>>> print(open('input15.txt').read())   # compact mmCIF, C-alpha atoms
# COMPACT_ATOMS: atom_id res chain seq x y z
CA MET F 1049 24.86 39.01 -143.89
CA LYS F 1050 23.34 36.84 -141.21
CA ILE F 1051 19.89 38.29 -140.52
CA LEU F 1052 17.37 37.29 -137.89
CA VAL F 1053 13.80 37.78 -139.12
CA THR F 1054 10.90 37.28 -136.71
CA GLY F 1055 7.50 36.38 -138.14
CA THR F 1056 8.76 34.28 -141.06
CA ALA F 1057 5.50 32.30 -141.21
CA GLY F 1058 3.72 35.63 -141.65
CA PHE F 1059 2.79 37.61 -144.72
CA ILE F 1060 5.52 40.26 -144.70
CA GLY F 1061 8.13 38.14 -142.92
CA SER F 1062 7.99 35.25 -145.38
CA THR F 1063 8.16 37.57 -148.39
CA LEU F 1064 11.10 39.47 -146.89
CA ALA F 1065 12.94 36.23 -146.08
CA HIS F 1066 12.67 35.13 -149.74
CA ARG F 1067 14.18 38.40 -150.94
CA LEU F 1068 17.04 38.24 -148.45
CA LEU F 1069 17.83 34.61 -149.30
CA ASP F 1070 17.70 35.36 -153.02
CA ARG F 1071 20.36 38.04 -152.65
CA GLY F 1072 22.62 35.68 -150.69
CA ASP F 1073 21.94 36.53 -147.06
CA GLU F 1074 21.59 33.87 -144.39
CA VAL F 1075 18.20 34.06 -142.62
CA ILE F 1076 17.31 32.74 -139.18
CA GLY F 1077 13.52 32.75 -139.04
CA ILE F 1078 11.57 32.92 -135.79
CA ASP F 1079 7.85 32.14 -135.64
CA ASN F 1080 5.59 30.31 -133.20
CA VAL F 1081 3.01 29.54 -135.94
CA ASN F 1082 0.08 30.40 -133.67
CA ASP F 1083 -3.54 29.87 -134.67
CA TYR F 1084 -4.65 33.52 -134.88
CA TYR F 1085 -5.42 32.64 -138.49
CA ASP F 1086 -5.12 29.58 -140.77
CA VAL F 1087 -2.08 27.59 -139.64
CA ASN F 1088 -2.02 25.73 -142.97
CA LEU F 1089 -1.29 28.98 -144.80
CA LYS F 1090 1.53 29.75 -142.38
CA GLU F 1091 3.01 26.27 -142.85
CA ALA F 1092 2.77 26.66 -146.63
CA ARG F 1093 4.72 29.92 -146.46
CA LEU F 1094 7.38 28.23 -144.31
CA ALA F 1095 7.57 25.20 -146.59
CA ARG F 1096 8.61 27.46 -149.47
CA LEU F 1097 11.40 28.91 -147.34
CA LYS F 1098 12.70 25.63 -145.97
CA VAL F 1099 13.76 24.39 -149.41
CA LYS F 1100 16.05 27.39 -149.89
CA PRO F 1101 19.71 27.23 -148.86
CA GLY F 1102 20.59 29.60 -146.06
CA PHE F 1103 17.30 29.42 -144.16
CA THR F 1104 17.18 28.20 -140.55
CA GLU F 1105 13.86 27.88 -138.72
CA ALA F 1106 13.48 28.55 -134.99
CA ARG F 1107 9.94 27.74 -133.86
CA VAL F 1108 9.69 29.77 -130.66
CA SER F 1109 7.56 32.56 -129.23
CA LEU F 1110 8.88 36.09 -128.78
CA GLU F 1111 7.68 36.12 -125.18
CA ASP F 1112 9.84 33.07 -124.33
CA GLN F 1113 12.87 34.95 -123.04
CA ALA F 1114 15.11 31.92 -122.62
CA ALA F 1115 14.37 30.64 -126.12
CA ILE F 1116 14.99 34.05 -127.71
CA ASN F 1117 18.26 34.44 -125.83
CA LYS F 1118 19.36 31.02 -127.07
CA VAL F 1119 18.62 31.95 -130.71
CA PHE F 1120 20.77 35.10 -130.41
CA ALA F 1121 23.57 33.26 -128.61
CA THR F 1122 23.58 30.34 -131.06
CA HIS F 1123 23.28 32.21 -134.37
CA LYS F 1124 24.80 35.62 -133.55
CA PRO F 1125 22.87 37.60 -136.20
CA GLN F 1126 24.41 40.81 -137.51
CA ARG F 1127 21.07 42.47 -138.13
CA VAL F 1128 17.50 41.86 -136.98
CA VAL F 1129 14.08 42.56 -138.52
CA ASN F 1130 11.24 42.19 -136.01
CA LEU F 1131 7.97 41.56 -137.87
CA ALA F 1132 6.39 39.07 -135.45
CA ALA F 1133 3.51 40.57 -133.49
CA GLN F 1134 -0.06 40.03 -132.50
CA ALA F 1135 -1.70 41.74 -135.46
CA GLY F 1136 -5.15 43.20 -136.02
CA VAL F 1137 -6.95 46.26 -134.71
CA ARG F 1138 -10.35 44.66 -134.08
CA TYR F 1139 -8.97 41.59 -132.31
CA SER F 1140 -7.25 43.89 -129.80
CA LEU F 1141 -10.71 44.76 -128.46
CA GLU F 1142 -11.36 41.07 -127.74
CA ASN F 1143 -8.00 39.82 -126.49
CA PRO F 1144 -5.83 42.69 -125.24
CA GLN F 1145 -3.53 40.37 -123.27
CA ALA F 1146 -2.22 38.82 -126.51
CA TYR F 1147 -0.90 42.25 -127.53
CA ILE F 1148 0.84 42.83 -124.22
CA ASP F 1149 2.52 39.40 -124.38
CA ALA F 1150 3.72 39.42 -128.00
CA ASN F 1151 4.10 43.11 -128.77
CA LEU F 1152 5.51 44.41 -125.48
CA VAL F 1153 7.10 41.49 -123.60
CA GLY F 1154 8.20 39.87 -126.89
CA PHE F 1155 9.69 43.09 -128.23
CA CYS F 1156 11.59 43.65 -124.99
CA ASN F 1157 13.17 40.21 -125.44
CA ILE F 1158 14.25 41.16 -128.98
CA LEU F 1159 15.74 44.44 -127.74
CA GLU F 1160 17.64 42.59 -125.01
CA GLY F 1161 18.94 40.06 -127.53
CA CYS F 1162 20.18 42.88 -129.77
CA ARG F 1163 21.76 44.72 -126.83
CA HIS F 1164 23.70 41.76 -125.48
CA HIS F 1165 24.84 40.31 -128.81
CA ASP F 1166 26.20 43.39 -130.59
CA VAL F 1167 23.55 43.57 -133.31
CA GLU F 1168 24.43 46.23 -135.90
CA HIS F 1169 20.86 47.33 -136.65
CA LEU F 1170 17.33 46.48 -135.51
CA ALA F 1171 14.52 47.31 -137.93
CA TYR F 1172 11.05 46.63 -136.58
CA ALA F 1173 7.44 46.81 -137.73
CA SER F 1174 5.43 49.69 -136.40
CA SER F 1175 2.12 50.61 -138.04
CA SER F 1176 0.14 53.42 -139.64
CA SER F 1177 -2.34 52.82 -136.82
CA VAL F 1178 -0.07 54.82 -134.46
CA TYR F 1179 -1.44 58.00 -136.08
CA GLY F 1180 -4.70 57.24 -134.27
CA ALA F 1181 -6.86 60.33 -133.84
CA ASN F 1182 -4.61 62.49 -136.06
CA THR F 1183 -6.47 64.01 -139.02
CA SER F 1184 -3.78 66.14 -140.68
CA MET F 1185 -2.96 64.42 -144.00
CA PRO F 1186 -0.66 63.04 -145.23
CA PHE F 1187 0.56 61.46 -141.98
CA SER F 1188 4.14 62.52 -141.29
CA ILE F 1189 6.77 60.89 -139.08
CA HIS F 1190 7.42 64.38 -137.75
CA ASP F 1191 3.89 64.58 -136.30
CA ASN F 1192 3.08 63.84 -132.68
CA VAL F 1193 1.38 60.42 -132.33
CA ASP F 1194 0.20 60.37 -128.74
CA HIS F 1195 -3.48 59.58 -129.34
CA PRO F 1196 -3.86 55.91 -130.37
CA VAL F 1197 -7.42 54.60 -130.75
CA SER F 1198 -6.73 50.87 -130.27
CA LEU F 1199 -4.50 48.80 -127.99
CA TYR F 1200 -2.80 47.42 -131.11
CA ALA F 1201 -1.80 50.97 -132.05
CA ALA F 1202 -0.71 51.70 -128.48
CA SER F 1203 1.51 48.61 -128.49
CA LYS F 1204 3.20 49.75 -131.71
CA LYS F 1205 3.74 53.25 -130.34
CA ALA F 1206 5.19 51.62 -127.22
CA ASN F 1207 7.63 49.67 -129.43
CA GLU F 1208 8.90 52.95 -130.86
CA LEU F 1209 9.41 54.36 -127.34
CA MET F 1210 11.14 51.20 -126.14
CA ALA F 1211 13.44 51.19 -129.18
CA HIS F 1212 14.39 54.81 -128.61
CA THR F 1213 15.36 54.02 -125.03
CA TYR F 1214 17.71 51.24 -126.19
CA SER F 1215 19.16 53.49 -128.90
CA HIS F 1216 19.79 56.18 -126.29
CA LEU F 1217 21.13 54.00 -123.48
CA PHE F 1218 23.03 51.34 -125.38
CA ASN F 1219 23.78 53.02 -128.72
CA LEU F 1220 21.76 50.34 -130.53
CA PRO F 1221 20.73 51.56 -134.01
CA THR F 1222 16.96 51.05 -134.34
CA THR F 1223 14.54 51.93 -137.12
CA GLY F 1224 10.75 51.77 -136.82
CA LEU F 1225 8.77 51.05 -139.98
CA ARG F 1226 5.20 52.31 -140.11
CA PHE F 1227 3.50 50.08 -142.69
CA PHE F 1228 0.35 51.26 -144.45
CA THR F 1229 -2.34 48.61 -145.26
CA VAL F 1230 -0.20 45.90 -146.84
CA TYR F 1231 -1.79 43.58 -149.42
CA GLY F 1232 -0.78 41.07 -152.08
CA PRO F 1233 -0.09 37.36 -152.72
CA TRP F 1234 0.30 35.17 -149.62
CA GLY F 1235 -1.59 37.82 -147.63
CA ARG F 1236 -3.43 37.56 -144.32
CA PRO F 1237 -6.89 35.93 -144.26
CA ASP F 1238 -8.14 38.41 -141.64
CA MET F 1239 -7.60 41.41 -143.91
CA ALA F 1240 -10.14 43.02 -146.24
CA LEU F 1241 -8.81 41.85 -149.61
CA PHE F 1242 -8.71 38.20 -148.53
CA LEU F 1243 -12.12 38.37 -146.84
CA PHE F 1244 -13.72 40.17 -149.79
CA THR F 1245 -12.29 37.73 -152.34
CA LYS F 1246 -13.45 34.68 -150.40
CA SER F 1247 -16.99 36.03 -149.93
CA ILE F 1248 -17.45 37.33 -153.49
CA LEU F 1249 -16.36 34.00 -154.99
CA ALA F 1250 -18.74 32.20 -152.61
CA GLY F 1251 -21.63 34.51 -153.52
CA LYS F 1252 -21.81 35.88 -149.98
CA PRO F 1253 -22.17 39.56 -149.00
CA ILE F 1254 -19.10 41.48 -147.88
CA ASP F 1255 -19.04 43.67 -144.76
CA VAL F 1256 -18.10 47.22 -145.78
CA PHE F 1257 -17.36 49.34 -142.72
CA ASN F 1258 -17.81 53.12 -142.44
CA TYR F 1259 -20.39 52.68 -145.25
CA GLY F 1260 -17.50 52.42 -147.70
CA ASN F 1261 -16.16 55.90 -146.94
CA HIS F 1262 -12.74 54.64 -145.83
CA ARG F 1263 -9.65 55.80 -147.68
CA ARG F 1264 -6.57 53.63 -147.30
CA ASP F 1265 -3.00 53.99 -148.49
CA PHE F 1266 -2.96 50.40 -149.81
CA THR F 1267 0.68 49.32 -150.20
CA TYR F 1268 1.72 46.30 -152.25
CA ILE F 1269 3.80 43.66 -150.50
CA ASP F 1270 6.81 43.90 -152.85
CA ASP F 1271 6.97 47.66 -152.25
CA ILE F 1272 6.94 47.11 -148.49
CA VAL F 1273 9.74 44.55 -148.69
CA GLU F 1274 11.88 46.76 -150.94
CA GLY F 1275 11.53 49.56 -148.40
CA VAL F 1276 12.43 47.27 -145.50
CA ILE F 1277 15.58 46.00 -147.23
CA ARG F 1278 16.80 49.47 -148.17
CA ILE F 1279 16.33 50.68 -144.61
CA LEU F 1280 17.88 47.54 -143.10
CA ASP F 1281 20.99 48.14 -145.22
CA GLN F 1282 21.38 51.65 -143.74
CA PRO F 1283 21.69 51.41 -139.94
CA ALA F 1284 20.05 54.33 -138.17
CA LYS F 1285 22.31 57.26 -137.36
CA PRO F 1286 21.88 60.15 -134.92
CA ASN F 1287 20.35 63.35 -136.27
CA PRO F 1288 23.00 66.06 -135.60
CA ASP F 1289 20.35 68.80 -135.91
CA TRP F 1290 17.99 67.25 -133.34
CA SER F 1291 17.01 69.66 -130.58
CA GLY F 1292 15.29 69.02 -127.28
CA ASP F 1293 13.74 72.49 -127.54
CA GLN F 1294 11.76 71.38 -130.59
CA PRO F 1295 11.99 67.57 -130.47
CA ASP F 1296 11.47 65.84 -133.82
CA PRO F 1297 9.47 62.62 -133.24
CA GLY F 1298 10.97 60.94 -136.32
CA SER F 1299 14.63 61.08 -135.29
CA SER F 1300 16.89 61.65 -132.27
CA LYS F 1301 20.36 62.47 -131.01
CA ALA F 1302 20.49 58.68 -130.56
CA PRO F 1303 20.83 56.29 -133.56
CA TYR F 1304 17.05 56.09 -133.96
CA ARG F 1305 14.78 56.64 -136.96
CA ILE F 1306 11.16 56.23 -138.00
CA TYR F 1307 9.90 55.83 -141.58
CA ASN F 1308 6.51 55.54 -143.23
CA ILE F 1309 6.32 52.88 -145.93
CA GLY F 1310 3.14 53.58 -147.86
CA ASN F 1311 1.96 54.06 -151.43
CA ASN F 1312 1.50 57.84 -150.89
CA GLN F 1313 -1.79 57.58 -152.79
CA PRO F 1314 -4.91 56.88 -150.72
CA VAL F 1315 -7.70 54.96 -152.45
CA GLU F 1316 -11.38 54.95 -151.56
CA LEU F 1317 -12.53 51.56 -150.31
CA MET F 1318 -15.32 51.44 -152.89
CA ARG F 1319 -12.74 51.87 -155.68
CA TYR F 1320 -10.65 49.08 -154.17
CA ILE F 1321 -13.73 46.83 -154.25
CA GLU F 1322 -14.48 47.83 -157.86
CA VAL F 1323 -10.99 46.77 -158.96
CA LEU F 1324 -11.39 43.47 -157.14
CA GLU F 1325 -14.78 42.90 -158.82
CA ASP F 1326 -13.17 43.52 -162.22
CA CYS F 1327 -10.36 41.04 -161.46
CA LEU F 1328 -12.83 38.39 -160.26
CA GLY F 1329 -15.37 39.09 -163.01
CA LYS F 1330 -18.07 39.11 -160.36
CA LYS F 1331 -19.99 41.81 -158.50
CA ALA F 1332 -20.04 42.04 -154.71
CA GLU F 1333 -23.15 42.22 -152.57
CA LYS F 1334 -22.31 44.86 -149.95
CA ASN F 1335 -23.41 44.92 -146.32
CA LEU F 1336 -22.81 48.57 -145.36
CA LEU F 1337 -21.89 49.03 -141.69
CA PRO F 1338 -20.75 51.90 -139.43
CA LEU F 1339 -17.12 52.64 -138.54
CA GLN F 1340 -15.70 49.96 -136.25
CA GLU F 1341 -14.29 50.83 -132.83
CA GLY F 1342 -10.52 51.22 -133.09
CA ASP F 1343 -10.53 51.93 -136.85
CA VAL F 1344 -9.50 55.25 -138.38
CA PRO F 1345 -11.44 56.64 -141.38
CA ASP F 1346 -8.42 57.47 -143.58
CA THR F 1347 -4.71 56.78 -143.90
CA TYR F 1348 -2.26 58.58 -146.18
CA ALA F 1349 1.53 58.30 -145.88
CA ASN F 1350 4.03 61.09 -146.29
CA VAL F 1351 7.10 59.22 -147.58
CA ASP F 1352 9.45 62.17 -148.15
CA ASP F 1353 11.99 60.90 -145.60
CA LEU F 1354 11.98 57.39 -147.11
CA VAL F 1355 12.59 58.81 -150.58
CA ARG F 1356 15.32 61.19 -149.35
CA ASP F 1357 17.23 58.59 -147.35
CA THR F 1358 16.83 55.48 -149.54
CA GLY F 1359 15.95 56.80 -152.99
CA TYR F 1360 12.89 54.57 -153.01
CA LYS F 1361 9.18 55.32 -153.30
CA PRO F 1362 6.47 52.62 -153.37
CA SER F 1363 4.50 52.87 -156.60
CA THR F 1364 2.57 49.68 -157.44
CA PRO F 1365 -1.00 50.65 -158.48
CA ILE F 1366 -3.90 48.72 -156.93
CA GLU F 1367 -4.93 47.49 -160.38
CA THR F 1368 -1.65 45.56 -160.64
CA GLY F 1369 -1.46 44.50 -157.00
CA ILE F 1370 -5.03 43.20 -156.75
CA ALA F 1371 -4.71 41.32 -160.04
CA ASN F 1372 -1.57 39.60 -158.71
CA PHE F 1373 -3.38 38.70 -155.48
CA VAL F 1374 -6.39 37.22 -157.31
CA GLU F 1375 -4.10 35.15 -159.55
CA TRP F 1376 -2.29 33.79 -156.47
CA TYR F 1377 -5.54 33.18 -154.55
CA LYS F 1378 -7.11 31.13 -157.35
CA GLU F 1379 -3.94 29.08 -157.79
CA TYR F 1380 -3.44 28.49 -154.05
CA TYR F 1381 -7.05 27.41 -153.46
CA ASP F 1382 -7.32 25.65 -156.86
CA ILE F 1383 -10.21 27.78 -158.11
CA GLN F 1384 -10.88 27.64 -161.85
>>> encode(input="input15.txt", output="structure tokens")
Amino acid sequence: MKILVTGTAGFIGSTLAHRLLDRGDEVIGIDNVNDYYDVNLKEARLARLKVKPGFTEARVSLEDQAAINKVFATHKPQRVVNLAAQAGVRYSLENPQAYIDANLVGFCNILEGCRHHDVEHLAYASSSSVYGANTSMPFSIHDNVDHPVSLYAASKKANELMAHTYSHLFNLPTTGLRFFTVYGPWGRPDMALFLFTKSILAGKPIDVFNYGNHRRDFTYIDDIVEGVIRILDQPAKPNPDWSGDQPDPGSSKAPYRIYNIGNNQPVELMRYIEVLEDCLGKKAEKNLLPLQEGDVPDTYANVDDLVRDTGYKPSTPIETGIANFVEWYKEYYDIQ
């Protein structure tokens, strides 16, 4: 297939593009390579893709409507995976406009491209953060998610609403993917595992929020990508049992679906740090801090619908995933 992937200089997007190319798909990769974090890392991810046959780079921003339209018109992708976004919960407190531009305006441009160029299926990144103030665990796609606690989460919830509208009005199959705390090789420098590893190796203290009482459904990158591919290969279909009397948030009479992709096994942050210490052979000095504004204390994914519809359940233990990350990190930064 010819697949448009946005965010191919990013963590998930670059890993997904490799998998698609390896199985013989053609990938058109969109990314503006912004400086939200280390541009060199983004360029290194892209460099690995550019040497593969079947990869075409389009260096444009999602919010550039004319440029996005041109990519769709030129390449005519059959399917689209939208992973490009302004990421990060805490940064959304500092620069909310970036989230409106990339996550709302940009996503609208992707929806319009899909609508006008007969795209067979749009899969797009949502986030576990949409569960916001919900406390009933595990988080289910059938739960109401109307109480976000950060603008980042609100923008992802808005993406789901926008996608449903296009599924309803234009019969565009759309599937929202709620990712749960993704980690692994080629990861993001603004996320905990990367920050912890860098500080521990440098002998600096690590900031541990919520006094270490977080629980996160840490999900390994390869598990995320496997889930994305399985869902991409099954365009969303209407739910014939959907009823407006008792509306199911996870499906619709339109070709619209939502899935959680998570490890279904929450881990205490202190345990996560312990495993990292073991892999590094070095103890961390911890700076215990209160819960940050916009953060939620716990995440835990119900993946029953993912398992039922795709036959796949993420399962990589943190011991394996963190060890793989540390091996990559030391090689990438040439640390003996």
>>> residues_near_point(input="input15.txt", point="(4.7, 59.6, -147.2)", cutoff="7 Å", atoms="only C-alpha atoms", output="mmCIF file with C-alpha atoms, in the frame of the given file")
data_model
loop_
_atom_site.group_PDB
_atom_site.id
_atom_site.type_symbol
_atom_site.label_atom_id
_atom_site.label_comp_id
_atom_site.auth_asym_id
_atom_site.auth_seq_id
_atom_site.Cartn_x
_atom_site.Cartn_y
_atom_site.Cartn_z
ATOM 1 C CA PRO F 1186 -0.660 63.040 -145.230
ATOM 2 C CA PHE F 1187 0.560 61.460 -141.980
ATOM 3 C CA SER F 1188 4.140 62.520 -141.290
ATOM 4 C CA ASN F 1308 6.510 55.540 -143.230
ATOM 5 C CA GLY F 1310 3.140 53.580 -147.860
ATOM 6 C CA ASN F 1312 1.500 57.840 -150.890
ATOM 7 C CA ALA F 1349 1.530 58.300 -145.880
ATOM 8 C CA ASN F 1350 4.030 61.090 -146.290
ATOM 9 C CA VAL F 1351 7.100 59.220 -147.580
ATOM 10 C CA ASP F 1352 9.450 62.170 -148.150
#
>>> residues_around(input="input15.txt", residues="segment 1288-1299 of chain F", least_positions_apart="3", cutoff="6 Å", atoms="only C-alpha atoms", output="list in words")
Ile1189, His1190, Tyr1304, Arg1305 and Ile1306 of chain F
>>> closest_residue(input="input15.txt", among="F:Lys1118, F:His1165, F:Lys1361, F:Arg1127", to="Glu1274 of chain F", atoms="only C-alpha atoms")
F:Lys1361
>>> residues_near_point(input="input15.txt", point="(-17.1, 50.8, -139.6)", cutoff="12 Å", atoms="only C-alpha atoms", output="list in words")
Arg1138, Asp1255, Val1256, Phe1257, Asn1258, Tyr1259, Gly1260, Asn1261, His1262, Leu1317, Asn1335, Leu1336, Leu1337, Pro1338, Leu1339, Gln1340, Glu1341, Gly1342, Asp1343, Val1344, Pro1345 and Asp1346 of chain F
>>> closest_residue(input="input15.txt", among="F:Gly1224, F:Pro1196, F:Gly1232, F:Pro1237", to="Asn1088 of chain F", atoms="all atoms listed in the file")
F:Pro1237
>>> atom_distance(input="input15.txt", atom1="atom CA of Ile1078 of chain F", atom2="atom CA of Leu1152 of chain F")
16.6 Å
>>> closest_residue(input="input15.txt", among="F:Ala1065, F:Ala1121, F:Leu1052, F:Cys1327", to="Asp1270 of chain F", atoms="only C-alpha atoms")
F:Ala1065
>>> closest_residue(input="input15.txt", among="F:Ser1198, F:Gln1113, F:Asn1219, F:Asn1311", to="Asn1143 of chain F", atoms="all atoms listed in the file")
F:Ser1198
>>> residues_around(input="input15.txt", residues="Ser1109 of chain F", least_positions_apart="3", cutoff="8 Å", atoms="only C-alpha atoms", output="ChimeraX atom specification")
/F:1078-1080,1112,1115-1116,1150,1154
>>> atom_distance(input="input15.txt", atom1="atom CA of Val1075 of chain F", atom2="atom CA of Gly1055 of chain F")
11.8 Å
>>> closest_residue(input="input15.txt", among="F:Leu1249, F:Ala1284, F:Ala1146, F:Leu1170", to="Tyr1377 of chain F", atoms="only C-alpha atoms")
F:Leu1249
>>> residues_around(input="input15.txt", residues="segment 1362-1375 of chain F", least_positions_apart="5", cutoff="8 Å", atoms="only C-alpha atoms", output="VMD selection string")
chain F and resid 1231 to 1234 1245 1266 to 1268 1271 to 1272 1275 1309 to 1312 1320 1323 to 1324 1327 to 1328
>>> closest_residue(input="input15.txt", among="F:Asn1130, F:Thr1183, F:Thr1056, F:Thr1358", to="Gln1282 of chain F", atoms="all atoms listed in the file")
F:Thr1358
>>> atom_distance(input="input15.txt", atom1="atom CA of Lys1252 of chain F", atom2="atom CA of Gln1384 of chain F")
18.1 Å
>>> residues_around(input="input15.txt", residues="Ala1133 of chain F", least_positions_apart="2", cutoff="7 Å", atoms="only C-alpha atoms", output="PyMOL selection string")
chain F and resi 1131+1135+1150-1151
>>> axis_aligned_box(input="input15.txt", around="segment 1150-1156 of chain F", padding_each_side="8 Å", output="AutoDock Vina command-line options")
--center_x 7.7 --center_y 41.9 --center_z -126.2 --size_x 23.9 --size_y 21.0 --size_z 21.2
>>> residues_around(input="input15.txt", residues="Pro1314 of chain F", least_positions_apart="4", cutoff="7 Å", atoms="all atoms listed in the file", output="ChimeraX atom specification")
/F:1263-1266,1347-1348
>>> decode(input="input15.txt", residues="segment 1301-1357 of chain F", atoms="C-alpha atoms", output="PDB file, in the first residue's frame")
ATOM      1  CA  LYS F1301     -23.135   4.140  13.568  1.00  0.00           C
ATOM      2  CA  ALA F1302     -20.462   5.845  11.447  1.00  0.00           C
ATOM      3  CA  PRO F1303     -17.207   4.044  10.460  1.00  0.00           C
ATOM      4  CA  TYR F1304     -15.452   5.252  13.606  1.00  0.00           C
ATOM      5  CA  ARG F1305     -13.524   3.396  16.312  1.00  0.00           C
ATOM      6  CA  ILE F1306     -11.341   4.083  19.331  1.00  0.00           C
ATOM      7  CA  TYR F1307      -8.758   1.692  20.805  1.00  0.00           C
ATOM      8  CA  ASN F1308      -6.442   1.721  23.787  1.00  0.00           C
ATOM      9  CA  ILE F1309      -2.928   0.476  23.056  1.00  0.00           C
ATOM     10  CA  GLY F1310      -1.325  -0.172  26.425  1.00  0.00           C
ATOM     11  CA  ASN F1311       0.535  -2.910  28.272  1.00  0.00           C
ATOM     12  CA  ASN F1312      -2.509  -3.642  30.493  1.00  0.00           C
ATOM     13  CA  GLN F1313      -0.132  -3.871  33.456  1.00  0.00           C
ATOM     14  CA  PRO F1314       0.524  -0.650  35.382  1.00  0.00           C
ATOM     15  CA  VAL F1315       3.924  -0.327  37.044  1.00  0.00           C
ATOM     16  CA  GLU F1316       4.838   1.863  39.999  1.00  0.00           C
ATOM     17  CA  LEU F1317       7.274   4.603  39.018  1.00  0.00           C
ATOM     18  CA  MET F1318       9.709   3.551  41.754  1.00  0.00           C
ATOM     19  CA  ARG F1319       9.823   0.029  40.276  1.00  0.00           C
ATOM     20  CA  TYR F1320      10.467   1.508  36.828  1.00  0.00           C
ATOM     21  CA  ILE F1321      13.397   3.453  38.295  1.00  0.00           C
ATOM     22  CA  GLU F1322      14.718   0.323  40.047  1.00  0.00           C
ATOM     23  CA  VAL F1323      14.812  -1.582  36.758  1.00  0.00           C
ATOM     24  CA  LEU F1324      16.616   1.319  35.099  1.00  0.00           C
ATOM     25  CA  GLU F1325      19.165   1.419  37.946  1.00  0.00           C
ATOM     26  CA  ASP F1326      19.803  -2.306  37.485  1.00  0.00           C
ATOM     27  CA  CYS F1327      20.311  -1.864  33.725  1.00  0.00           C
ATOM     28  CA  LEU F1328      22.688   1.081  34.253  1.00  0.00           C
ATOM     29  CA  GLY F1329      24.471  -0.512  37.222  1.00  0.00           C
ATOM     30  CA  LYS F1330      24.111   2.779  39.053  1.00  0.00           C
ATOM     31  CA  LYS F1331      21.771   4.125  41.737  1.00  0.00           C
ATOM     32  CA  ALA F1332      19.702   7.267  41.247  1.00  0.00           C
ATOM     33  CA  GLU F1333      19.630  10.226  43.601  1.00  0.00           C
ATOM     34  CA  LYS F1334      15.934  11.153  43.790  1.00  0.00           C
ATOM     35  CA  ASN F1335      14.467  14.631  44.133  1.00  0.00           C
ATOM     36  CA  LEU F1336      10.909  13.886  45.325  1.00  0.00           C
ATOM     37  CA  LEU F1337       8.359  16.461  44.155  1.00  0.00           C
ATOM     38  CA  PRO F1338       4.554  16.889  44.274  1.00  0.00           C
ATOM     39  CA  LEU F1339       2.190  15.959  41.440  1.00  0.00           C
ATOM     40  CA  GLN F1340       2.597  18.319  38.487  1.00  0.00           C
ATOM     41  CA  GLU F1341      -0.332  20.341  37.168  1.00  0.00           C
ATOM     42  CA  GLY F1342      -1.901  18.511  34.233  1.00  0.00           C
ATOM     43  CA  ASP F1343      -0.549  15.074  35.240  1.00  0.00           C
ATOM     44  CA  VAL F1344      -2.743  12.180  36.322  1.00  0.00           C
ATOM     45  CA  PRO F1345      -1.596   9.885  39.174  1.00  0.00           C
ATOM     46  CA  ASP F1346      -2.250   6.547  37.428  1.00  0.00           C
ATOM     47  CA  THR F1347      -2.918   5.075  33.996  1.00  0.00           C
ATOM     48  CA  TYR F1348      -4.081   1.535  33.239  1.00  0.00           C
ATOM     49  CA  ALA F1349      -5.412   0.414  29.844  1.00  0.00           C
ATOM     50  CA  ASN F1350      -8.305  -1.916  29.237  1.00  0.00           C
ATOM     51  CA  VAL F1351      -7.328  -3.529  25.912  1.00  0.00           C
ATOM     52  CA  ASP F1352     -10.210  -5.998  25.532  1.00  0.00           C
ATOM     53  CA  ASP F1353     -11.451  -4.375  22.306  1.00  0.00           C
ATOM     54  CA  LEU F1354      -7.942  -4.369  20.782  1.00  0.00           C
ATOM     55  CA  VAL F1355      -7.530  -8.067  21.580  1.00  0.00           C
ATOM     56  CA  ARG F1356     -11.015  -8.951  20.289  1.00  0.00           C
ATOM     57  CA  ASP F1357     -10.704  -7.054  17.004  1.00  0.00           C
TER      58      ASP F1357
END
